[in-house]
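Have a look at run.txt below; it lists compact mmCIF, C-alpha atoms and all ligand atoms.
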# COMPACT_ATOMS: atom_id res chain seq x y z
CA MET A 34 -19.44 -2.30 0.20
CA THR A 35 -18.67 -2.70 -3.45
CA THR A 36 -15.28 -1.19 -4.12
CA ILE A 37 -15.24 -1.86 -7.79
CA ALA A 38 -18.00 -2.84 -10.17
CA LEU A 39 -17.76 -3.52 -13.88
CA ASP A 40 -21.16 -3.43 -15.48
CA HIS A 41 -21.51 -4.97 -18.95
CA LEU A 42 -18.13 -3.71 -20.08
CA HIS A 43 -17.17 -3.76 -23.73
CA MET A 44 -13.86 -2.63 -25.09
CA HIS A 45 -13.58 -2.85 -28.84
CA TYR A 46 -10.54 -1.85 -30.86
CA GLY A 47 -10.70 -1.09 -34.57
CA THR A 48 -13.76 -1.29 -36.77
CA GLY A 49 -15.59 -3.56 -39.20
CA ALA A 50 -14.12 -6.96 -39.83
CA GLN A 51 -10.93 -5.91 -38.05
CA VAL A 52 -12.64 -5.27 -34.72
CA VAL A 53 -10.98 -6.81 -31.67
CA ARG A 54 -13.31 -7.40 -28.77
CA ALA A 55 -10.75 -7.05 -26.01
CA LEU A 56 -13.63 -7.07 -23.53
CA ASP A 57 -16.98 -8.51 -24.50
CA ASP A 58 -19.78 -7.90 -22.00
CA VAL A 59 -17.82 -8.38 -18.80
CA SER A 60 -19.59 -7.83 -15.48
CA LEU A 61 -17.84 -8.20 -12.16
CA ALA A 62 -18.16 -6.75 -8.68
CA ALA A 63 -15.61 -6.91 -5.91
CA GLY A 64 -15.23 -5.31 -2.54
CA GLY A 65 -15.13 -5.80 1.17
CA GLY A 66 -11.39 -6.26 1.04
CA GLU A 67 -11.50 -9.13 -1.44
CA PHE A 68 -8.37 -10.47 -3.07
CA LEU A 69 -9.00 -11.48 -6.69
CA ALA A 70 -6.84 -13.03 -9.33
CA VAL A 71 -7.56 -12.42 -13.01
CA VAL A 72 -6.25 -15.20 -15.21
CA GLY A 73 -6.43 -16.06 -18.88
CA ARG A 74 -4.26 -16.59 -21.90
CA SER A 75 -2.18 -13.88 -23.52
CA GLY A 76 -4.53 -11.56 -25.38
CA SER A 77 -7.60 -12.62 -23.38
CA GLY A 78 -8.21 -9.06 -22.12
CA LYS A 79 -6.65 -9.04 -18.64
CA THR A 80 -4.72 -5.79 -19.01
CA THR A 81 -7.67 -4.16 -20.74
CA LEU A 82 -9.91 -5.16 -17.86
CA LEU A 83 -7.45 -3.81 -15.30
CA ASP A 84 -6.96 -0.55 -17.19
CA CYS A 85 -10.71 -0.03 -17.41
CA ALA A 86 -11.11 -0.86 -13.71
CA GLY A 87 -8.30 1.59 -12.93
CA VAL A 88 -10.03 4.34 -14.89
CA LEU A 89 -7.04 4.56 -17.24
CA LEU A 90 -9.14 3.49 -20.21
CA ARG A 91 -12.66 4.46 -21.11
CA PRO A 92 -14.60 1.38 -22.22
CA THR A 93 -16.47 1.37 -25.52
CA ALA A 94 -19.64 0.55 -23.60
CA GLY A 95 -20.65 -0.30 -20.07
CA ARG A 96 -19.89 1.27 -16.75
CA VAL A 97 -17.11 1.22 -14.17
CA LEU A 98 -18.16 2.09 -10.63
CA LEU A 99 -15.54 2.91 -8.03
CA ASP A 100 -16.74 3.08 -4.44
CA ASP A 101 -20.21 3.36 -5.99
CA VAL A 102 -19.25 6.39 -8.11
CA ASP A 103 -20.11 5.94 -11.79
CA THR A 104 -16.88 6.93 -13.52
CA ALA A 105 -18.46 7.06 -16.99
CA THR A 106 -20.14 10.37 -16.22
CA LEU A 107 -16.97 12.05 -14.98
CA THR A 108 -14.72 14.39 -16.93
CA ASP A 109 -11.14 13.30 -17.60
CA SER A 110 -9.80 15.49 -14.83
CA ARG A 111 -12.32 14.16 -12.30
CA ARG A 112 -11.39 10.64 -13.39
CA ALA A 113 -7.70 11.41 -12.87
CA ASP A 114 -8.52 12.79 -9.45
CA LEU A 115 -10.49 9.70 -8.48
CA ARG A 116 -7.68 7.50 -9.78
CA ALA A 117 -5.12 9.36 -7.70
CA ARG A 118 -7.14 9.13 -4.53
CA ARG A 119 -8.70 5.68 -4.70
CA ILE A 120 -6.44 3.44 -6.76
CA GLY A 121 -2.94 2.10 -6.35
CA PHE A 122 -1.24 0.55 -9.38
CA ILE A 123 1.56 -1.99 -9.40
CA PHE A 124 3.06 -2.86 -12.77
CA GLN A 125 5.19 -5.71 -13.99
CA ALA A 126 8.16 -3.46 -14.76
CA PHE A 127 7.78 -1.56 -11.46
CA HIS A 128 7.87 1.86 -13.22
CA LEU A 129 10.04 3.47 -10.57
CA LEU A 130 11.75 6.69 -11.61
CA PRO A 131 15.49 5.91 -11.76
CA ALA A 132 16.70 9.36 -10.71
CA LEU A 133 14.62 9.38 -7.53
CA SER A 134 15.34 7.65 -4.23
CA ALA A 135 13.08 4.93 -2.84
CA MET A 136 11.47 7.49 -0.52
CA GLU A 137 10.91 9.99 -3.35
CA ASN A 138 9.39 7.27 -5.50
CA ILE A 139 6.97 6.33 -2.74
CA LEU A 140 5.95 9.99 -2.37
CA LEU A 141 5.54 10.49 -6.11
CA PRO A 142 1.76 9.98 -6.31
CA LEU A 143 1.35 12.88 -3.89
CA ARG A 144 3.31 15.30 -6.04
CA TYR A 145 0.22 16.97 -7.44
CA SER A 146 -2.19 16.44 -4.62
CA GLY A 147 -0.71 18.94 -2.18
CA GLY A 148 -1.41 18.10 1.43
CA ASP A 149 0.82 17.87 4.45
CA ARG A 150 4.34 16.92 3.34
CA ARG A 151 5.50 16.01 6.79
CA ALA A 152 2.58 13.69 7.45
CA ALA A 153 3.19 12.12 4.03
CA ARG A 154 6.84 11.47 4.89
CA ILE A 155 5.88 9.81 8.14
CA ARG A 156 3.41 7.64 6.25
CA ALA A 157 6.07 6.78 3.65
CA GLU A 158 8.48 5.78 6.41
CA ALA A 159 5.83 3.52 7.93
CA LEU A 160 5.25 1.97 4.51
CA LEU A 161 8.99 1.41 4.04
CA GLU A 162 8.97 -0.47 7.31
CA GLU A 163 5.85 -2.38 6.31
CA VAL A 164 7.52 -3.65 3.13
CA GLY A 165 10.69 -4.48 5.06
CA LEU A 166 12.91 -1.79 3.55
CA THR A 167 13.65 0.59 6.39
CA GLY A 168 17.18 1.78 5.74
CA ARG A 169 16.74 1.76 1.96
CA ALA A 170 14.97 5.13 1.84
CA HIS A 171 17.83 6.87 0.05
CA HIS A 172 18.70 4.09 -2.38
CA ARG A 173 18.01 4.61 -6.06
CA PRO A 174 16.10 1.84 -7.88
CA SER A 175 19.35 0.73 -9.56
CA GLU A 176 20.74 0.08 -6.08
CA LEU A 177 17.89 -2.27 -5.21
CA SER A 178 17.11 -5.83 -6.24
CA GLY A 179 14.07 -6.60 -8.40
CA GLY A 180 12.09 -7.83 -5.42
CA GLU A 181 13.04 -4.76 -3.41
CA GLN A 182 12.06 -2.47 -6.27
CA GLN A 183 8.69 -4.16 -6.44
CA ARG A 184 8.27 -3.71 -2.67
CA ILE A 185 8.94 0.01 -3.17
CA ALA A 186 6.35 0.01 -5.96
CA ILE A 187 3.87 -1.64 -3.59
CA ALA A 188 4.58 1.02 -0.94
CA ARG A 189 4.07 3.70 -3.60
CA ALA A 190 0.73 2.16 -4.53
CA LEU A 191 -0.37 2.49 -0.91
CA ILE A 192 0.77 6.03 -0.13
CA ASN A 193 -2.63 7.47 -1.05
CA GLU A 194 -4.42 4.93 1.13
CA PRO A 195 -6.39 3.65 -1.85
CA SER A 196 -9.47 1.47 -1.57
CA VAL A 197 -8.24 -0.76 -4.38
CA VAL A 198 -4.83 -1.93 -5.52
CA LEU A 199 -4.51 -3.18 -9.09
CA GLY A 200 -1.54 -5.28 -10.14
CA ASP A 201 -0.77 -6.27 -13.73
CA GLU A 202 1.54 -9.27 -13.41
CA PRO A 203 3.54 -7.50 -10.70
CA MET A 204 5.47 -10.70 -10.00
CA GLY A 205 6.30 -11.28 -13.64
CA GLU A 206 9.91 -10.18 -13.44
CA VAL A 207 11.05 -11.73 -10.18
CA ASP A 208 11.93 -15.31 -9.28
CA THR A 209 9.32 -17.70 -7.87
CA GLU A 210 10.43 -17.35 -4.27
CA THR A 211 10.41 -13.55 -4.40
CA ALA A 212 7.03 -13.67 -6.10
CA ALA A 213 5.66 -15.76 -3.23
CA THR A 214 7.03 -13.23 -0.74
CA LEU A 215 5.44 -10.33 -2.63
CA LEU A 216 2.15 -12.18 -2.75
CA GLN A 217 2.24 -12.66 1.02
CA LEU A 218 2.95 -8.97 1.43
CA LEU A 219 -0.03 -8.08 -0.74
CA ARG A 220 -2.16 -10.56 1.17
CA ARG A 221 -1.19 -9.00 4.46
CA ILE A 222 -1.92 -5.50 3.21
CA ASN A 223 -5.24 -6.77 1.90
CA ARG A 224 -6.16 -8.26 5.27
CA GLU A 225 -4.83 -5.56 7.56
CA ARG A 226 -5.97 -2.55 5.59
CA GLY A 227 -9.08 -4.03 4.03
CA VAL A 228 -7.81 -2.94 0.62
CA THR A 229 -9.40 -4.75 -2.31
CA VAL A 230 -6.66 -6.27 -4.45
CA VAL A 231 -7.05 -7.32 -8.08
CA LEU A 232 -4.06 -9.19 -9.38
CA VAL A 233 -3.50 -10.22 -12.99
CA THR A 234 -1.32 -13.30 -13.06
CA HIS A 235 -0.50 -16.17 -15.36
CA ASP A 236 0.62 -18.22 -12.37
CA LEU A 237 -2.22 -20.52 -11.35
CA GLU A 238 -0.54 -21.56 -8.14
CA MET A 239 -0.39 -17.92 -7.15
CA ALA A 240 -3.99 -17.38 -8.20
CA GLN A 241 -5.04 -20.25 -5.94
CA ARG A 242 -3.75 -18.29 -2.95
CA THR A 243 -6.19 -15.43 -3.52
CA ASP A 244 -9.87 -15.48 -2.53
CA ARG A 245 -11.37 -15.63 -5.96
CA ILE A 246 -10.29 -16.41 -9.50
CA VAL A 247 -11.80 -14.69 -12.51
CA ARG A 248 -10.97 -16.20 -15.87
CA LEU A 249 -11.10 -14.41 -19.20
CA ARG A 250 -11.17 -16.02 -22.62
CA ASP A 251 -11.28 -13.94 -25.78
CA GLY A 252 -12.55 -10.93 -23.86
CA ARG A 253 -15.31 -12.84 -22.11
CA LEU A 254 -15.55 -13.70 -18.45
CA VAL A 255 -15.85 -17.48 -18.52
CA ALA A 256 -15.35 -18.37 -14.85
CA ASP A 257 -15.60 -16.63 -11.50
CA GLU A 258 -14.92 -18.93 -8.58
CA LEU A 259 -13.95 -18.77 -4.93
CA THR A 260 -10.74 -20.61 -4.20
CA GLY A 261 -12.23 -22.44 -1.19
CA GLY A 262 -12.66 -21.36 2.41
CA PRO A 263 -14.45 -18.15 3.30
CA ARG A 264 -11.39 -16.05 2.56
CA GLY A 265 -9.55 -18.17 0.04
CA GLY A 266 -6.77 -20.65 0.48
CA ASP A 267 -4.15 -18.65 2.31
CA ASP A 268 -3.70 -18.99 6.04
CA PRO A 269 -3.27 -15.71 7.94
CA ALA A 270 -1.53 -17.54 10.77
CA ARG A 271 1.02 -18.92 8.38
CA GLY A 272 4.01 -17.33 9.99
CA PRO A 273 6.26 -14.38 10.61
CA VAL A 274 6.71 -11.25 8.55
CA PRO A 275 7.17 -12.68 5.04
CA TRP A 276 10.54 -11.11 4.30
CA ALA A 277 12.05 -12.08 7.66
CA GLY A 278 14.81 -14.47 6.83
CA VAL A 279 14.75 -13.60 3.15
CA PRO A 280 18.29 -12.62 2.26
CA ASP A 281 18.99 -9.23 0.76
CA GLY A 282 18.13 -9.37 -2.89
CA GLY A 283 15.10 -11.50 -2.16
N1 LIG B 301 -4.49 -0.37 -28.11
C1 LIG B 301 -4.92 -1.46 -28.72
N2 LIG B 301 -5.31 -1.44 -30.01
C2 LIG B 301 -5.78 -2.54 -30.62
N3 LIG B 301 -5.88 -3.75 -30.03
C3 LIG B 301 -5.50 -3.84 -28.75
C4 LIG B 301 -5.01 -2.71 -28.02
N4 LIG B 301 -4.71 -3.11 -26.76
C5 LIG B 301 -5.02 -4.42 -26.71
N5 LIG B 301 -5.48 -4.86 -27.89
C6 LIG B 301 -5.95 -6.24 -28.19
O1 LIG B 301 -6.91 -6.58 -27.21
C7 LIG B 301 -6.76 -7.94 -26.81
C8 LIG B 301 -6.58 -7.98 -25.30
O2 LIG B 301 -5.33 -7.40 -24.96
P1 LIG B 301 -4.81 -7.35 -23.46
O3 LIG B 301 -3.58 -6.55 -23.45
O4 LIG B 301 -5.91 -6.92 -22.57
O5 LIG B 301 -4.49 -8.91 -23.19
P2 LIG B 301 -3.82 -9.61 -21.93
O6 LIG B 301 -4.75 -10.66 -21.47
O7 LIG B 301 -3.39 -8.59 -20.95
O8 LIG B 301 -2.54 -10.32 -22.58
P3 LIG B 301 -1.08 -10.59 -21.96
O9 LIG B 301 -1.22 -11.77 -21.04
O10 LIG B 301 -0.26 -10.93 -23.16
O11 LIG B 301 -0.61 -9.35 -21.27
C9 LIG B 301 -5.58 -8.47 -27.60
O12 LIG B 301 -6.07 -9.19 -28.68
C10 LIG B 301 -4.84 -7.24 -28.05
O13 LIG B 301 -4.21 -7.47 -29.27
MG MG B 302 -1.51 -7.96 -20.22
As structure tokens:
Amino acid sequence: MTTIALDHLHMHYGTGAQVVRALDDVSLAAGGGEFLAVVGRSGSGKTTLLDCAGVLLRPTAGRVLLDDVDTATLTDSRRADLRARRIGFIFQAFHLLPALSAMENILLPLRYSGGDRRAARIRAEALLEEVGLTGRAHHRPSELSGGEQQRIAIARALINEPSVVLGDEPMGEVDTETAATLLQLLRRINRERGVTVVLVTHDLEMAQRTDRIVRLRDGRLVADELTGGPRGGDDPARGPVPWAGVPDGG
């Protein structure tokens, strides 16, 4: 199944001679639990692409289909609803709310969706365990390391059981080793849950460990290549739980 499809997307800012073509006729389809990296120089349109794919931005032209639903025809509130149910976001600066505990941050996306609170809590506890942070449920973000905060942000992105997780340089503010650990975590989630992951990164080594690399240049998609092997370069049998043996703070 196609989880996400971008169909001749254009995103233009400004007018006349000043127009910036942040996206210039970009088409891309991903699904079936693929793990994609989006690479390209600063200003090449990566964030714009991700924000369009995440239904945060309406493109100037072209269509974004999510689980085969054409989002262009939806009202803003239906788009917000779709976003809340189908998409998990992970940002570079984590965007955790400082006054809330780790657990409350994970539950945040459910605040407006109602539903069974108790079931949600059980799911959040399972996610805490999945990201290796059982026992940190009541910590505030300021009481967690950068890598731990990002693991909480990853758990938060999964609380709605989305079909796609979008990350805009989510490893940008942690050290290389922590970044590798987070990538392994995302990879595992991708494999075990069949969630499609789209990861913007400037780190080519990291990109090589995904299934597929999409390259943007000046708003245009200039390359779209598999990284080798049917499911990319990473080996699922590589080893134990990624954070096992990673000291606190990692
Ligand atoms: N709101 C906006 N108004 C006008 N121009 C914008 C706006 N947002 C982005 N742009 C322009 O669109 C282009 C693409 O920006 P975008 O943020 O998508 O790049 P990026 O690849 O994510 O860069 P970086 O690696 O620095 O994050 C840039 O030239 C940028 O200046
Ligand atoms: Mg960006």
How would you write as number ranges by chain the residues that get within 12 Å of (12.1, 7.4, -10.8) in the file's frame, counting all atoms listed in the file? A: 127-142, 172-175, 182, 185-186, 189
In Å, rounded to a single decimal, give me how far CA of Leu90 (chain A) is from CA of Leu259 (chain A).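 So the two atoms, CA of Leu259 (chain A) and CA of Leu90 (chain A), lie 27.4 Å apart.
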Using all atoms listed in the file, what table do you get, as a tab-separated table, when you list each residue of chain A with an atom no more than 7 Å from ligand MG 302 (chain B), its nearest pair of atoms, and their distance in Å rounded to one decimal, rows by chain then rising number?
residue	atom	partner	partner_atom	distance
A:Ser75	CA	B:MG302	MG	6.8
A:Gly76	CA	B:MG302	MG	7.0
A:Lys79	CA	B:MG302	MG	5.5
A:Thr80	CA	B:MG302	MG	4.1
A:Asp201	CA	B:MG302	MG	6.7
Could you save the residues just selected, with C-alpha atoms, as a PDB file, in the frame of the given file?
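This is the output file result-v1.pdb:
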ATOM      1  CA  SER A  75      -2.180 -13.880 -23.520  1.00  0.00           C
ATOM      2  CA  GLY A  76      -4.530 -11.560 -25.380  1.00  0.00           C
ATOM      3  CA  LYS A  79      -6.650  -9.040 -18.640  1.00  0.00           C
ATOM      4  CA  THR A  80      -4.720  -5.790 -19.010  1.00  0.00           C
ATOM      5  CA  ASP A 201      -0.770  -6.270 -13.730  1.00  0.00           C
TER       6      ASP A 201
END
Have a look at A:Cys85, A:Ala190, A:Val53, A:Ile155 and name the one nearest to ligand LIG 301 (chain B); count all atoms listed in the file.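 Going through A:Cys85, A:Ala190, A:Val53, A:Ile155 one by one, the smallest distance to ligand LIG 301 (chain B) is for A:Val53.
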Coordinates-based distance that separates CA of Glu67 (chain A) from CA of Leu82 (chain A) (Å, one decimal):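 Taking CA of Leu82 (chain A) and CA of Glu67 (chain A), their separation equals 17.0 Å.
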Sorted by chain and rising residue number, list the residues of chain A at most 12 Å from ligand LIG 301 (chain B) (counting all atoms listed in the file), each with its closest atom pair and distance in Å to one decimal, as a tab-separated table.
residue	atom	partner	partner_atom	distance
A:His43	CA	B:LIG301	O1	11.2
A:Met44	CA	B:LIG301	O1	8.3
A:His45	CA	B:LIG301	O1	7.8
A:Tyr46	CA	B:LIG301	C2	4.8
A:Gly47	CA	B:LIG301	C2	6.5
A:Thr48	CA	B:LIG301	C2	10.2
A:Gln51	CA	B:LIG301	C2	9.6
A:Val52	CA	B:LIG301	N3	8.4
A:Val53	CA	B:LIG301	O1	6.0
A:Arg54	CA	B:LIG301	O1	6.6
A:Ala55	CA	B:LIG301	O1	4.1
A:Leu56	CA	B:LIG301	C8	7.3
A:Asp57	CA	B:LIG301	C8	10.4
A:Val71	CA	B:LIG301	O6	9.1
A:Val72	CA	B:LIG301	O6	7.9
A:Gly73	CA	B:LIG301	O6	6.2
A:Arg74	CA	B:LIG301	O9	5.8
A:Ser75	CA	B:LIG301	O9	3.4
A:Gly76	CA	B:LIG301	O5	3.4
A:Ser77	CA	B:LIG301	O6	4.0
A:Gly78	CA	B:LIG301	O4	3.2
A:Lys79	CA	B:LIG301	O6	3.8
A:Thr80	CA	B:LIG301	O7	3.7
A:Thr81	CA	B:LIG301	O4	3.8
A:Leu82	CA	B:LIG301	O4	6.4
A:Leu83	CA	B:LIG301	O4	8.1
A:Asp84	CA	B:LIG301	O4	8.4
A:Cys85	CA	B:LIG301	O4	9.9
A:Ala86	CA	B:LIG301	O4	11.9
A:Leu90	CA	B:LIG301	N1	9.9
A:Arg91	CA	B:LIG301	N1	11.8
A:Pro92	CA	B:LIG301	N4	11.8
A:Phe124	CA	B:LIG301	O11	11.3
A:Gln125	CA	B:LIG301	O11	10.0
A:Gly200	CA	B:LIG301	O7	11.5
A:Asp201	CA	B:LIG301	O7	8.0
A:Glu202	CA	B:LIG301	O11	8.1
A:Pro203	CA	B:LIG301	O11	11.5
A:Gly205	CA	B:LIG301	O11	10.5
A:Leu232	CA	B:LIG301	O7	11.6
A:Val233	CA	B:LIG301	O7	8.1
A:Thr234	CA	B:LIG301	O9	8.1
A:His235	CA	B:LIG301	O9	7.2
A:Asp236	CA	B:LIG301	O9	11.0
A:Arg248	CA	B:LIG301	O6	10.0
A:Leu249	CA	B:LIG301	O6	7.7
A:Arg250	CA	B:LIG301	O6	8.4
A:Asp251	CA	B:LIG301	C7	7.6
A:Gly252	CA	B:LIG301	C8	6.8
A:Arg253	CA	B:LIG301	C8	10.5
A:Leu254	CA	B:LIG301	O6	11.6
Just the number, please: distance in Å from CA of Gln241 (chain A) to CA of Arg116 (chain A), one decimal.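 Taking CA of Gln241 (chain A) and CA of Arg116 (chain A), their separation equals 28.1 Å.
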Per-axis box centre and lengths in Å around region 151-159 of chain A, 4 Å margin per side, axis-aligned, as lines of an AutoDock Vina configuration file:
center_x = 5.5
center_y = 9.8
center_z = 5.9
size_x = 13.9
size_y = 20.5
size_z = 12.5
Neighbours of point (-1.0, 2.4, -3.5) within 12 Å, using all atoms listed in the file, written as a compact mmCIF listing (two decimals) with C-alpha atoms, in the frame of the given file:
# COMPACT_ATOMS: atom_id res chain seq x y z
CA GLY A 87 -8.30 1.59 -12.93
CA ARG A 116 -7.68 7.50 -9.78
CA ALA A 117 -5.12 9.36 -7.70
CA ARG A 118 -7.14 9.13 -4.53
CA ARG A 119 -8.70 5.68 -4.70
CA ILE A 120 -6.44 3.44 -6.76
CA GLY A 121 -2.94 2.10 -6.35
CA PHE A 122 -1.24 0.55 -9.38
CA ILE A 123 1.56 -1.99 -9.40
CA PHE A 124 3.06 -2.86 -12.77
CA ASN A 138 9.39 7.27 -5.50
CA ILE A 139 6.97 6.33 -2.74
CA LEU A 140 5.95 9.99 -2.37
CA LEU A 141 5.54 10.49 -6.11
CA PRO A 142 1.76 9.98 -6.31
CA LEU A 143 1.35 12.88 -3.89
CA ARG A 156 3.41 7.64 6.25
CA ALA A 157 6.07 6.78 3.65
CA LEU A 160 5.25 1.97 4.51
CA ARG A 184 8.27 -3.71 -2.67
CA ILE A 185 8.94 0.01 -3.17
CA ALA A 186 6.35 0.01 -5.96
CA ILE A 187 3.87 -1.64 -3.59
CA ALA A 188 4.58 1.02 -0.94
CA ARG A 189 4.07 3.70 -3.60
CA ALA A 190 0.73 2.16 -4.53
CA LEU A 191 -0.37 2.49 -0.91
CA ILE A 192 0.77 6.03 -0.13
CA ASN A 193 -2.63 7.47 -1.05
CA GLU A 194 -4.42 4.93 1.13
CA PRO A 195 -6.39 3.65 -1.85
CA SER A 196 -9.47 1.47 -1.57
CA VAL A 197 -8.24 -0.76 -4.38
CA VAL A 198 -4.83 -1.93 -5.52
CA LEU A 199 -4.51 -3.18 -9.09
CA GLY A 200 -1.54 -5.28 -10.14
CA LEU A 219 -0.03 -8.08 -0.74
CA ILE A 222 -1.92 -5.50 3.21
CA ASN A 223 -5.24 -6.77 1.90
CA ARG A 226 -5.97 -2.55 5.59
CA VAL A 228 -7.81 -2.94 0.62
CA THR A 229 -9.40 -4.75 -2.31
CA VAL A 230 -6.66 -6.27 -4.45
Distance criterion (only C-alpha atoms): nearest to Gln183 (chain A) out of A:Ala126, A:Thr260, A:Ala213, A:Glu225: A:Ala126
Nearest-residue call for Asp257 (chain A), choices A:Leu61, A:Met204, A:Met239, A:Ala212, using only C-alpha atoms: A:Leu61
Using all atoms listed in the file, which of the listed residues (A:Val97, A:Ala170, A:Val231, A:Ala38) sits closest to Gly66 (chain A)?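 Of the candidates, the smallest distance to Gly66 (chain A) is held by A:Val231.
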If we count only C-alpha atoms and set the cut-off at 6 Å, which residues sit around Leu69 (chain A), ignoring sequence neighbours fewer than 4 positions away in its own chain? Please answer as a list in words. Val231, Thr243, Asp244, Arg245 and Ile246 of chain A
